[in-house]
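Novice: Here you go, final-v8.cif (mmCIF, C-alpha atoms):
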data_query
loop_
_atom_site.group_PDB
_atom_site.id
_atom_site.type_symbol
_atom_site.label_atom_id
_atom_site.label_comp_id
_atom_site.auth_asym_id
_atom_site.auth_seq_id
_atom_site.Cartn_x
_atom_site.Cartn_y
_atom_site.Cartn_z
ATOM 1 C CA MET A 1 2.533 -3.646 4.495
ATOM 2 C CA ASN A 2 -0.348 -6.102 4.232
ATOM 3 C CA ASP A 3 -2.985 -4.972 1.689
ATOM 4 C CA ASN A 4 -5.795 -5.824 4.111
ATOM 5 C CA LYS A 5 -4.556 -3.536 6.848
ATOM 6 C CA ILE A 6 -6.446 -0.381 7.726
ATOM 7 C CA SER A 7 -3.212 1.627 7.772
ATOM 8 C CA LYS A 8 -2.911 1.231 3.998
ATOM 9 C CA THR A 9 -6.320 2.877 3.606
ATOM 10 C CA LEU A 10 -5.378 5.639 6.056
ATOM 11 C CA ILE A 11 -2.200 6.410 4.111
ATOM 12 C CA ARG A 12 -4.125 6.465 0.813
ATOM 13 C CA ILE A 13 -6.652 8.973 2.207
ATOM 14 C CA PHE A 14 -3.906 11.145 3.732
ATOM 15 C CA LYS A 15 -1.904 11.146 0.489
ATOM 16 C CA GLU A 16 -5.016 12.192 -1.461
ATOM 17 C CA SER A 17 -5.466 15.155 0.870
ATOM 18 C CA ILE A 18 -1.796 16.165 0.805
ATOM 19 C CA ASP A 19 -1.577 15.886 -2.978
ATOM 20 C CA LYS A 20 -4.809 17.865 -3.446
ATOM 21 C CA TYR A 21 -3.529 20.652 -1.170
ATOM 22 C CA HIS A 22 -0.251 20.905 -3.089
ATOM 23 C CA LEU A 23 -2.007 21.401 -6.434
ATOM 24 C CA LEU A 24 -2.570 25.038 -5.412
ATOM 25 C CA ASP A 25 -0.189 25.033 -2.424
ATOM 26 C CA THR A 26 -1.785 27.934 -0.604
ATOM 27 C CA VAL A 27 -3.395 28.110 2.841
ATOM 28 C CA ASP A 28 -6.256 30.226 1.472
ATOM 29 C CA GLN A 29 -7.567 27.697 -1.039
ATOM 30 C CA PRO A 30 -11.110 26.365 -0.779
ATOM 31 C CA PHE A 31 -11.622 22.965 0.817
ATOM 32 C CA SER A 32 -13.678 20.203 -0.741
ATOM 33 C CA ASN A 33 -13.935 16.676 0.576
ATOM 34 C CA PRO A 34 -14.319 13.829 -1.933
ATOM 35 C CA TYR A 35 -15.828 11.504 0.683
ATOM 36 C CA PRO A 36 -19.495 11.517 1.698
ATOM 37 C CA SER A 37 -20.379 13.540 4.765
ATOM 38 C CA GLY A 38 -20.971 11.419 7.844
ATOM 39 C CA THR A 39 -18.385 8.792 6.902
ATOM 40 C CA VAL A 40 -15.156 8.015 8.703
ATOM 41 C CA ALA A 41 -13.263 8.528 5.418
ATOM 42 C CA HIS A 42 -14.706 12.063 5.319
ATOM 43 C CA LEU A 43 -13.396 12.702 8.839
ATOM 44 C CA LEU A 44 -9.958 11.289 8.020
ATOM 45 C CA TYR A 45 -9.599 13.381 4.852
ATOM 46 C CA ARG A 46 -10.704 16.516 6.703
ATOM 47 C CA LYS A 47 -8.332 15.727 9.568
ATOM 48 C CA ASN A 48 -5.340 15.502 7.253
ATOM 49 C CA TRP A 49 -6.385 18.653 5.377
ATOM 50 C CA ILE A 50 -6.359 20.555 8.678
ATOM 51 C CA ASP A 51 -2.894 19.148 9.419
ATOM 52 C CA THR A 52 -1.631 20.092 5.957
ATOM 53 C CA VAL A 53 -2.887 23.667 6.133
ATOM 54 C CA GLN A 54 -1.491 24.032 9.652
ATOM 55 C CA TRP A 55 1.905 22.732 8.463
ATOM 56 C CA HIS A 56 1.969 25.590 5.968
ATOM 57 C CA PHE A 57 0.668 28.152 8.477
ATOM 58 C CA GLU A 58 3.637 27.241 10.638
ATOM 59 C CA ASP A 59 5.992 27.686 7.675
ATOM 60 C CA LEU A 60 4.566 31.175 7.182
ATOM 61 C CA ILE A 61 4.881 32.215 10.821
ATOM 62 C CA ARG A 62 8.580 31.257 10.886
ATOM 63 C CA ASP A 63 9.320 34.065 8.409
ATOM 64 C CA PRO A 64 11.713 36.384 10.311
ATOM 65 C CA GLU A 65 10.371 39.346 8.316
ATOM 66 C CA ILE A 66 6.704 38.789 9.226
ATOM 67 C CA GLU A 67 4.935 41.963 10.322
ATOM 68 C CA PRO A 68 3.738 41.798 13.961
ATOM 69 C CA VAL A 69 0.055 42.306 13.091
ATOM 70 C CA SER A 70 0.205 39.631 10.378
ATOM 71 C CA GLY A 71 2.054 37.351 12.759
ATOM 72 C CA MET A 72 -0.627 37.755 15.425
ATOM 73 C CA GLN A 73 -3.400 37.086 12.893
ATOM 74 C CA LEU A 74 -1.563 33.982 11.741
ATOM 75 C CA LYS A 75 -1.034 32.860 15.349
ATOM 76 C CA ARG A 76 -4.801 33.066 15.882
ATOM 77 C CA LYS A 77 -5.350 30.953 12.755
ATOM 78 C CA ILE A 78 -2.886 28.375 14.088
ATOM 79 C CA ASP A 79 -4.703 28.317 17.445
ATOM 80 C CA ALA A 80 -8.056 27.812 15.688
ATOM 81 C CA SER A 81 -6.501 25.103 13.527
ATOM 82 C CA ASN A 82 -5.210 23.317 16.635
ATOM 83 C CA GLN A 83 -8.737 23.330 18.050
ATOM 84 C CA ASP A 84 -10.134 21.977 14.753
ATOM 85 C CA ARG A 85 -7.470 19.262 14.799
ATOM 86 C CA THR A 86 -8.380 18.230 18.347
ATOM 87 C CA ASP A 87 -12.091 18.278 17.489
ATOM 88 C CA MET A 88 -11.493 16.026 14.467
ATOM 89 C CA VAL A 89 -9.533 13.553 16.605
ATOM 90 C CA GLU A 90 -12.456 13.456 19.022
ATOM 91 C CA TYR A 91 -14.919 12.882 16.143
ATOM 92 C CA ILE A 92 -12.777 10.018 14.836
ATOM 93 C CA ASP A 93 -12.515 8.483 18.295
ATOM 94 C CA SER A 94 -16.290 8.861 18.647
ATOM 95 C CA PHE A 95 -16.687 6.844 15.456
ATOM 96 C CA PHE A 96 -14.629 3.983 16.901
ATOM 97 C CA LEU A 97 -16.298 4.226 20.291
ATOM 98 C CA ASP A 98 -19.785 4.105 18.773
ATOM 99 C CA LYS A 99 -18.887 1.360 16.329
ATOM 100 C CA HIS A 100 -17.581 -0.854 19.118
ATOM 101 C CA LYS A 101 -19.747 0.182 22.047
ATOM 102 C CA LYS A 102 -20.871 -3.415 22.536
ATOM 103 C CA VAL A 103 -17.329 -4.746 22.779
ATOM 104 C CA ASN A 104 -16.315 -5.782 26.278
ATOM 105 C CA ALA A 105 -12.670 -5.492 27.231
ATOM 106 C CA LEU A 106 -10.999 -8.792 27.988
ATOM 107 C CA GLU A 107 -9.377 -9.280 31.383
ATOM 108 C CA ASN A 108 -5.995 -9.697 29.714
ATOM 109 C CA ALA A 109 -6.450 -6.783 27.293
ATOM 110 C CA THR A 110 -3.364 -4.672 26.751
ATOM 111 C CA ILE A 111 -3.172 -1.057 27.842
ATOM 112 C CA ASN A 112 -2.456 1.432 25.079
ATOM 113 C CA SER A 113 -0.835 4.823 25.481
ATOM 114 C CA GLU A 114 -3.281 6.543 23.173
ATOM 115 C CA SER A 115 -6.643 6.133 21.520
ATOM 116 C CA PRO A 116 -6.967 4.985 17.897
ATOM 117 C CA ALA A 117 -7.606 8.534 16.675
ATOM 118 C CA TRP A 118 -4.519 9.991 18.372
ATOM 119 C CA ALA A 119 -2.396 7.259 16.769
ATOM 120 C CA ILE A 120 -4.042 8.092 13.440
ATOM 121 C CA ASP A 121 -3.245 11.762 14.106
ATOM 122 C CA ARG A 122 0.440 10.848 14.404
ATOM 123 C CA LEU A 123 0.242 8.957 11.092
ATOM 124 C CA SER A 124 -1.329 11.995 9.407
ATOM 125 C CA ILE A 125 1.562 14.191 10.574
ATOM 126 C CA LEU A 126 4.093 11.527 9.612
ATOM 127 C CA GLU A 127 2.690 11.452 6.068
ATOM 128 C CA LEU A 128 3.258 15.210 5.867
ATOM 129 C CA LYS A 129 6.850 14.771 7.030
ATOM 130 C CA ILE A 130 7.406 12.068 4.411
ATOM 131 C CA TYR A 131 5.872 14.200 1.653
ATOM 132 C CA HIS A 132 8.081 17.187 2.446
ATOM 133 C CA MET A 133 11.223 15.112 2.930
ATOM 134 C CA GLU A 134 10.621 13.465 -0.462
ATOM 135 C CA GLU A 135 10.352 16.966 -1.924
ATOM 136 C CA GLU A 136 13.788 17.793 -0.518
ATOM 137 C CA VAL A 137 15.311 14.542 -1.758
ATOM 138 C CA ASN A 138 14.010 15.288 -5.272
ATOM 139 C CA ARG A 139 14.651 19.053 -5.331
ATOM 140 C CA GLU A 140 16.888 19.680 -8.338
ATOM 141 C CA SER A 141 18.493 22.798 -6.861
ATOM 142 C CA ALA A 142 19.558 20.977 -3.666
ATOM 143 C CA SER A 143 23.182 20.039 -3.159
ATOM 144 C CA ALA A 144 24.248 16.401 -3.177
ATOM 145 C CA ALA A 145 25.067 16.632 0.539
ATOM 146 C CA HIS A 146 21.597 18.026 1.321
ATOM 147 C CA LYS A 147 19.924 15.294 -0.714
ATOM 148 C CA GLU A 148 21.995 12.617 1.012
ATOM 149 C CA SER A 149 21.106 14.007 4.443
ATOM 150 C CA CYS A 150 17.422 14.147 3.503
ATOM 151 C CA ASN A 151 17.554 10.612 2.123
ATOM 152 C CA ILE A 152 18.790 9.357 5.495
ATOM 153 C CA LYS A 153 15.990 11.242 7.268
ATOM 154 C CA LEU A 154 13.459 9.912 4.759
ATOM 155 C CA SER A 155 14.598 6.364 5.426
ATOM 156 C CA ILE A 156 14.025 6.887 9.159
ATOM 157 C CA LEU A 157 10.570 8.356 8.517
ATOM 158 C CA LEU A 158 9.631 5.379 6.333
ATOM 159 C CA ASP A 159 10.752 3.003 9.092
ATOM 160 C CA GLN A 160 8.663 4.995 11.572
ATOM 161 C CA ARG A 161 5.691 4.633 9.211
ATOM 162 C CA ILE A 162 6.069 0.840 9.214
ATOM 163 C CA ASP A 163 6.200 0.762 13.015
ATOM 164 C CA LEU A 164 3.293 3.162 13.486
ATOM 165 C CA CYS A 165 1.145 1.389 10.905
ATOM 166 C CA GLY A 166 1.805 -1.911 12.642
ATOM 167 C CA ALA A 167 0.786 -0.420 15.978
ATOM 168 C CA ILE A 168 -2.406 1.131 14.547
ATOM 169 C CA ASP A 169 -3.374 -2.053 12.728
ATOM 170 C CA GLN A 170 -2.755 -4.150 15.838
ATOM 171 C CA LEU A 171 -4.738 -1.784 18.063
ATOM 172 C CA LEU A 172 -7.720 -1.715 15.727
ATOM 173 C CA GLU A 173 -7.575 -5.461 15.148
ATOM 174 C CA ASP A 174 -7.523 -5.967 18.898
ATOM 175 C CA ILE A 175 -10.612 -3.797 19.244
ATOM 176 C CA ALA A 176 -12.704 -5.185 16.431
ATOM 177 C CA GLY A 177 -10.944 -7.078 13.666
ATOM 178 C CA ALA A 178 -11.709 -6.441 10.012
ATOM 179 C CA LYS A 179 -15.025 -4.658 10.600
ATOM 180 C CA ILE A 180 -13.303 -1.253 10.835
ATOM 181 C CA HIS A 181 -11.515 -1.743 7.534
ATOM 182 C CA GLU A 182 -14.798 -2.711 5.886
ATOM 183 C CA SER A 183 -16.401 0.509 7.153
ATOM 184 C CA LEU A 184 -13.673 2.597 5.505
ATOM 185 C CA GLN A 185 -13.980 0.706 2.245
ATOM 186 C CA THR A 186 -17.765 1.174 2.136
ATOM 187 C CA ASN A 187 -17.729 4.775 3.429
ATOM 188 C CA GLU A 188 -19.905 3.727 6.325
ATOM 189 C CA ASN A 189 -21.700 6.493 8.182
ATOM 190 C CA VAL A 190 -20.418 7.596 11.536
#
Is it possible to express this structure as structure tokens?
Specialist:
Amino acid sequence: MNDNKISKTLIRIFKESIDKYHLLDTVDQPFSNPYPSGTVAHLLYRKNWIDTVQWHFEDLIRDPEIEPVSGMQLKRKIDASNQDRTDMVEYIDSFFLDKHKKVNALENATINSESPAWAIDRLSILELKIYHMEEEVNRESASAAHKESCNIKLSILLDQRIDLCGAIDQLLEDIAGAKIHESLQTNENV
């Protein structure tokens, strides 16, 4: 991956969030954002934190022994988390829209299946999948067969990351070039 690509910065921010969450590894822990409020980096970190907590909410709700009342309370938390996730995607897209509001689409511009923020959302989730698959690959108590199976899955996820990062970088370069990357590096206000 090229060091000047925005996807490298996205992955770094997502990994920071995922690693911070797993220090305590509980859905009830307090949230603190290391990036200044009003910056796109702040939004990206918050977005991944929401995804990480929701990942673990969903682990909890799959417990076959969960009490119905607890399950319903958890379902409501998952619903609220989904709304927060969607809101964060919209905030991130608003950043890009505002930043490039003076850009006129070229006649031969390509059509994309999703906005930059929804592609970034997929990368956030993919980073969670990679983190948890790496955990399985490195889990000492896992059988050799399980580790081998997880290694194959991890390899596929890493290939998907390369493809998705390339698509995100190309989309953002098509929209504006290096200006977006500079805004992440300088914690530019949204």
Novice: Please evaluate the PyMOL selection byres ((chain A and resi 90-103) around 8) against the structure above and give the resulting residues as a short mmCIF file (atom, residue, chain, number, x, y, z; two decimals) with C-alpha atoms, in the frame of the given file.
Specialist:
data_model
loop_
_atom_site.label_atom_id
_atom_site.label_comp_id
_atom_site.auth_asym_id
_atom_site.auth_seq_id
_atom_site.Cartn_x
_atom_site.Cartn_y
_atom_site.Cartn_z
CA VAL A 40 -15.16 8.02 8.70
CA LEU A 43 -13.40 12.70 8.84
CA LEU A 44 -9.96 11.29 8.02
CA THR A 86 -8.38 18.23 18.35
CA ASP A 87 -12.09 18.28 17.49
CA MET A 88 -11.49 16.03 14.47
CA VAL A 89 -9.53 13.55 16.60
CA ASN A 104 -16.32 -5.78 26.28
CA ALA A 105 -12.67 -5.49 27.23
CA SER A 115 -6.64 6.13 21.52
CA PRO A 116 -6.97 4.99 17.90
CA ALA A 117 -7.61 8.53 16.68
CA ILE A 175 -10.61 -3.80 19.24
CA ALA A 176 -12.70 -5.18 16.43
CA VAL A 190 -20.42 7.60 11.54
#
Novice: For the file shown, what are the residues hit by the PyMOL selection byres ((chain A and resi 22-34) around 7), laid out as a PyMOL selection string?
Specialist: chain A and resi 18-21+35-36+42+45-46+53+56-57
Novice: By how many Å are CA of Gly166 (chain A) and CA of Glu58 (chain A) apart?
Specialist: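 About the pair CA of Gly166 (chain A) and CA of Glu58 (chain A): they are 29.3 Å apart.
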Novice: CA of Glu140 (chain A) and CA of Ser155 (chain A) are how many Å apart?
Specialist: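 It comes out at 19.3 Å.
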Novice: From the list A:Leu164, A:Ala80, A:Leu60, A:Leu171, which residue is nearest Asp121 (chain A) when using only C-alpha atoms?
Specialist: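 Of the candidates, the smallest distance to Asp121 (chain A) is held by A:Leu164.
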Novice: Looking at all atoms listed in the file, which of A:Ser149, A:Gln73, A:Ser81, A:Thr110 is the one that sits closest to Asn48 (chain A)?
Specialist: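 Answer, going by the shortest atom-to-atom distance: A:Ser81.
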Novice: Between CA of Ile120 (chain A) and CA of Asp84 (chain A), what is the distance, to one decimal in Å?
Specialist: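 These two atoms are separated by 15.2 Å.
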Novice: Can you pull out every residue within 12 Å of Leu158 (chain A), counting all atoms listed in the file, but drop anything in the same chain fewer than 2 positions away, and send it as a list in words?
Specialist: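 In the requested form, the answer reads Met1, Leu123, Leu126, Glu127, Leu128, Lys129, Ile130, Tyr131, Met133, Glu134, Asn151, Ile152, Lys153, Leu154, Ser155, Ile156, Gln160, Arg161, Ile162, Asp163, Leu164 and Cys165 of chain A.
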Novice: Can you translate the PyMOL selection byres ((chain A and resi 137) around 8) into the concrete residues it hits in this file, as a list in words?
Specialist: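 So the PyMOL selection byres ((chain A and resi 137) around 8) ends up selecting Met133, Glu134, Glu135, Glu136, Asn138, Arg139, Ala142, His146, Lys147, Glu148, Cys150 and Asn151 of chain A.
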Novice: Would you mind telling me which residue in A:Asp59, A:Glu67, A:Glu16, A:Asp169 lies nearest to Ser124 (chain A) when using all atoms listed in the file?
Specialist: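 Ranked by minimum distance to Ser124 (chain A), first place goes to A:Glu16.
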Novice: Restricting the calculation to only C-alpha atoms: of A:Ser7, A:Thr52, A:Asn108, A:Ser17, which residue gets closest to Asn82 (chain A)?
Specialist: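 Of the candidates, the smallest distance to Asn82 (chain A) is held by A:Thr52.
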Novice: So which one's closest to Ile13 (chain A), A:Ser37, A:Arg122, A:Trp49, A:Ser113? Using all atoms listed in the file, please.
Specialist: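 Among the listed residues, the smallest separation from Ile13 (chain A) belongs to A:Trp49.
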Novice: From the set A:Leu74, A:Ser141, A:Ile168, A:Glu107, which residue has the shortest atom-to-atom contact distance to Lys8 (chain A), counting all atoms listed in the file?
Specialist: A:Ile168
Novice: Save N, CA and C atoms of region 144-171 of chain A from the block above as a PDB file, in the first residue's frame.
Specialist:
ATOM      1  N   ALA A 144      -4.582 -26.916  15.690  1.00  0.00           N
ATOM      2  CA  ALA A 144      -3.828 -26.615  14.467  1.00  0.00           C
ATOM      3  C   ALA A 144      -4.778 -26.469  13.277  1.00  0.00           C
ATOM      4  N   ALA A 145      -5.789 -27.314  13.210  1.00  0.00           N
ATOM      5  CA  ALA A 145      -6.755 -27.247  12.108  1.00  0.00           C
ATOM      6  C   ALA A 145      -7.527 -25.924  12.144  1.00  0.00           C
ATOM      7  N   HIS A 146      -7.924 -25.492  13.345  1.00  0.00           N
ATOM      8  CA  HIS A 146      -8.645 -24.224  13.479  1.00  0.00           C
ATOM      9  C   HIS A 146      -7.745 -23.061  13.054  1.00  0.00           C
ATOM     10  N   LYS A 147      -6.507 -23.087  13.499  1.00  0.00           N
ATOM     11  CA  LYS A 147      -5.577 -22.015  13.135  1.00  0.00           C
ATOM     12  C   LYS A 147      -5.345 -21.984  11.626  1.00  0.00           C
ATOM     13  N   GLU A 148      -5.221 -23.145  11.015  1.00  0.00           N
ATOM     14  CA  GLU A 148      -5.009 -23.209   9.572  1.00  0.00           C
ATOM     15  C   GLU A 148      -6.224 -22.643   8.830  1.00  0.00           C
ATOM     16  N   SER A 149      -7.417 -23.029   9.264  1.00  0.00           N
ATOM     17  CA  SER A 149      -8.639 -22.516   8.660  1.00  0.00           C
ATOM     18  C   SER A 149      -8.721 -20.994   8.810  1.00  0.00           C
ATOM     19  N   CYS A 150      -8.397 -20.505   9.990  1.00  0.00           N
ATOM     20  CA  CYS A 150      -8.442 -19.059  10.235  1.00  0.00           C
ATOM     21  C   CYS A 150      -7.363 -18.320   9.444  1.00  0.00           C
ATOM     22  N   ASN A 151      -6.231 -18.957   9.257  1.00  0.00           N
ATOM     23  CA  ASN A 151      -5.167 -18.341   8.453  1.00  0.00           C
ATOM     24  C   ASN A 151      -5.611 -18.151   7.011  1.00  0.00           C
ATOM     25  N   ILE A 152      -6.323 -19.119   6.476  1.00  0.00           N
ATOM     26  CA  ILE A 152      -6.858 -19.007   5.111  1.00  0.00           C
ATOM     27  C   ILE A 152      -7.856 -17.855   5.037  1.00  0.00           C
ATOM     28  N   LYS A 153      -8.750 -17.792   6.024  1.00  0.00           N
ATOM     29  CA  LYS A 153      -9.739 -16.699   6.063  1.00  0.00           C
ATOM     30  C   LYS A 153      -9.056 -15.348   6.221  1.00  0.00           C
ATOM     31  N   LEU A 154      -8.010 -15.306   7.052  1.00  0.00           N
ATOM     32  CA  LEU A 154      -7.275 -14.058   7.259  1.00  0.00           C
ATOM     33  C   LEU A 154      -6.624 -13.603   5.958  1.00  0.00           C
ATOM     34  N   SER A 155      -6.079 -14.516   5.221  1.00  0.00           N
ATOM     35  CA  SER A 155      -5.459 -14.189   3.940  1.00  0.00           C
ATOM     36  C   SER A 155      -6.477 -13.559   2.988  1.00  0.00           C
ATOM     37  N   ILE A 156      -7.675 -14.108   2.970  1.00  0.00           N
ATOM     38  CA  ILE A 156      -8.749 -13.555   2.121  1.00  0.00           C
ATOM     39  C   ILE A 156      -9.122 -12.150   2.595  1.00  0.00           C
ATOM     40  N   LEU A 157      -9.242 -11.971   3.898  1.00  0.00           N
ATOM     41  CA  LEU A 157      -9.578 -10.649   4.439  1.00  0.00           C
ATOM     42  C   LEU A 157      -8.499  -9.617   4.089  1.00  0.00           C
ATOM     43  N   LEU A 158      -7.251 -10.017   4.163  1.00  0.00           N
ATOM     44  CA  LEU A 158      -6.154  -9.093   3.831  1.00  0.00           C
ATOM     45  C   LEU A 158      -6.172  -8.727   2.347  1.00  0.00           C
ATOM     46  N   ASP A 159      -6.522  -9.696   1.492  1.00  0.00           N
ATOM     47  CA  ASP A 159      -6.689  -9.389   0.070  1.00  0.00           C
ATOM     48  C   ASP A 159      -7.858  -8.432  -0.144  1.00  0.00           C
ATOM     49  N   GLN A 160      -8.946  -8.652   0.587  1.00  0.00           N
ATOM     50  CA  GLN A 160     -10.099  -7.753   0.487  1.00  0.00           C
ATOM     51  C   GLN A 160      -9.710  -6.340   0.920  1.00  0.00           C
ATOM     52  N   ARG A 161      -8.855  -6.245   1.951  1.00  0.00           N
ATOM     53  CA  ARG A 161      -8.403  -4.934   2.413  1.00  0.00           C
ATOM     54  C   ARG A 161      -7.645  -4.214   1.300  1.00  0.00           C
ATOM     55  N   ILE A 162      -6.774  -4.916   0.608  1.00  0.00           N
ATOM     56  CA  ILE A 162      -6.011  -4.305  -0.487  1.00  0.00           C
ATOM     57  C   ILE A 162      -6.973  -3.773  -1.554  1.00  0.00           C
ATOM     58  N   ASP A 163      -7.934  -4.598  -1.933  1.00  0.00           N
ATOM     59  CA  ASP A 163      -8.897  -4.188  -2.964  1.00  0.00           C
ATOM     60  C   ASP A 163      -9.737  -2.996  -2.508  1.00  0.00           C
ATOM     61  N   LEU A 164     -10.250  -3.061  -1.288  1.00  0.00           N
ATOM     62  CA  LEU A 164     -11.099  -1.989  -0.787  1.00  0.00           C
ATOM     63  C   LEU A 164     -10.304  -0.697  -0.615  1.00  0.00           C
ATOM     64  N   CYS A 165      -9.100  -0.802  -0.108  1.00  0.00           N
ATOM     65  CA  CYS A 165      -8.260   0.394   0.035  1.00  0.00           C
ATOM     66  C   CYS A 165      -7.980   1.027  -1.325  1.00  0.00           C
ATOM     67  N   GLY A 166      -7.703   0.197  -2.311  1.00  0.00           N
ATOM     68  CA  GLY A 166      -7.485   0.723  -3.657  1.00  0.00           C
ATOM     69  C   GLY A 166      -8.706   1.449  -4.184  1.00  0.00           C
ATOM     70  N   ALA A 167      -9.881   0.885  -3.943  1.00  0.00           N
ATOM     71  CA  ALA A 167     -11.120   1.510  -4.404  1.00  0.00           C
ATOM     72  C   ALA A 167     -11.376   2.838  -3.682  1.00  0.00           C
ATOM     73  N   ILE A 168     -11.156   2.858  -2.368  1.00  0.00           N
ATOM     74  CA  ILE A 168     -11.355   4.096  -1.593  1.00  0.00           C
ATOM     75  C   ILE A 168     -10.377   5.165  -2.050  1.00  0.00           C
ATOM     76  N   ASP A 169      -9.097   4.784  -2.150  1.00  0.00           N
ATOM     77  CA  ASP A 169      -8.090   5.755  -2.578  1.00  0.00           C
ATOM     78  C   ASP A 169      -8.409   6.316  -3.959  1.00  0.00           C
ATOM     79  N   GLN A 170      -8.813   5.441  -4.879  1.00  0.00           N
ATOM     80  CA  GLN A 170      -9.131   5.889  -6.232  1.00  0.00           C
ATOM     81  C   GLN A 170     -10.339   6.829  -6.231  1.00  0.00           C
ATOM     82  N   LEU A 171     -11.370   6.468  -5.475  1.00  0.00           N
ATOM     83  CA  LEU A 171     -12.561   7.311  -5.402  1.00  0.00           C
ATOM     84  C   LEU A 171     -12.217   8.693  -4.862  1.00  0.00           C
TER      85      LEU A 171
END
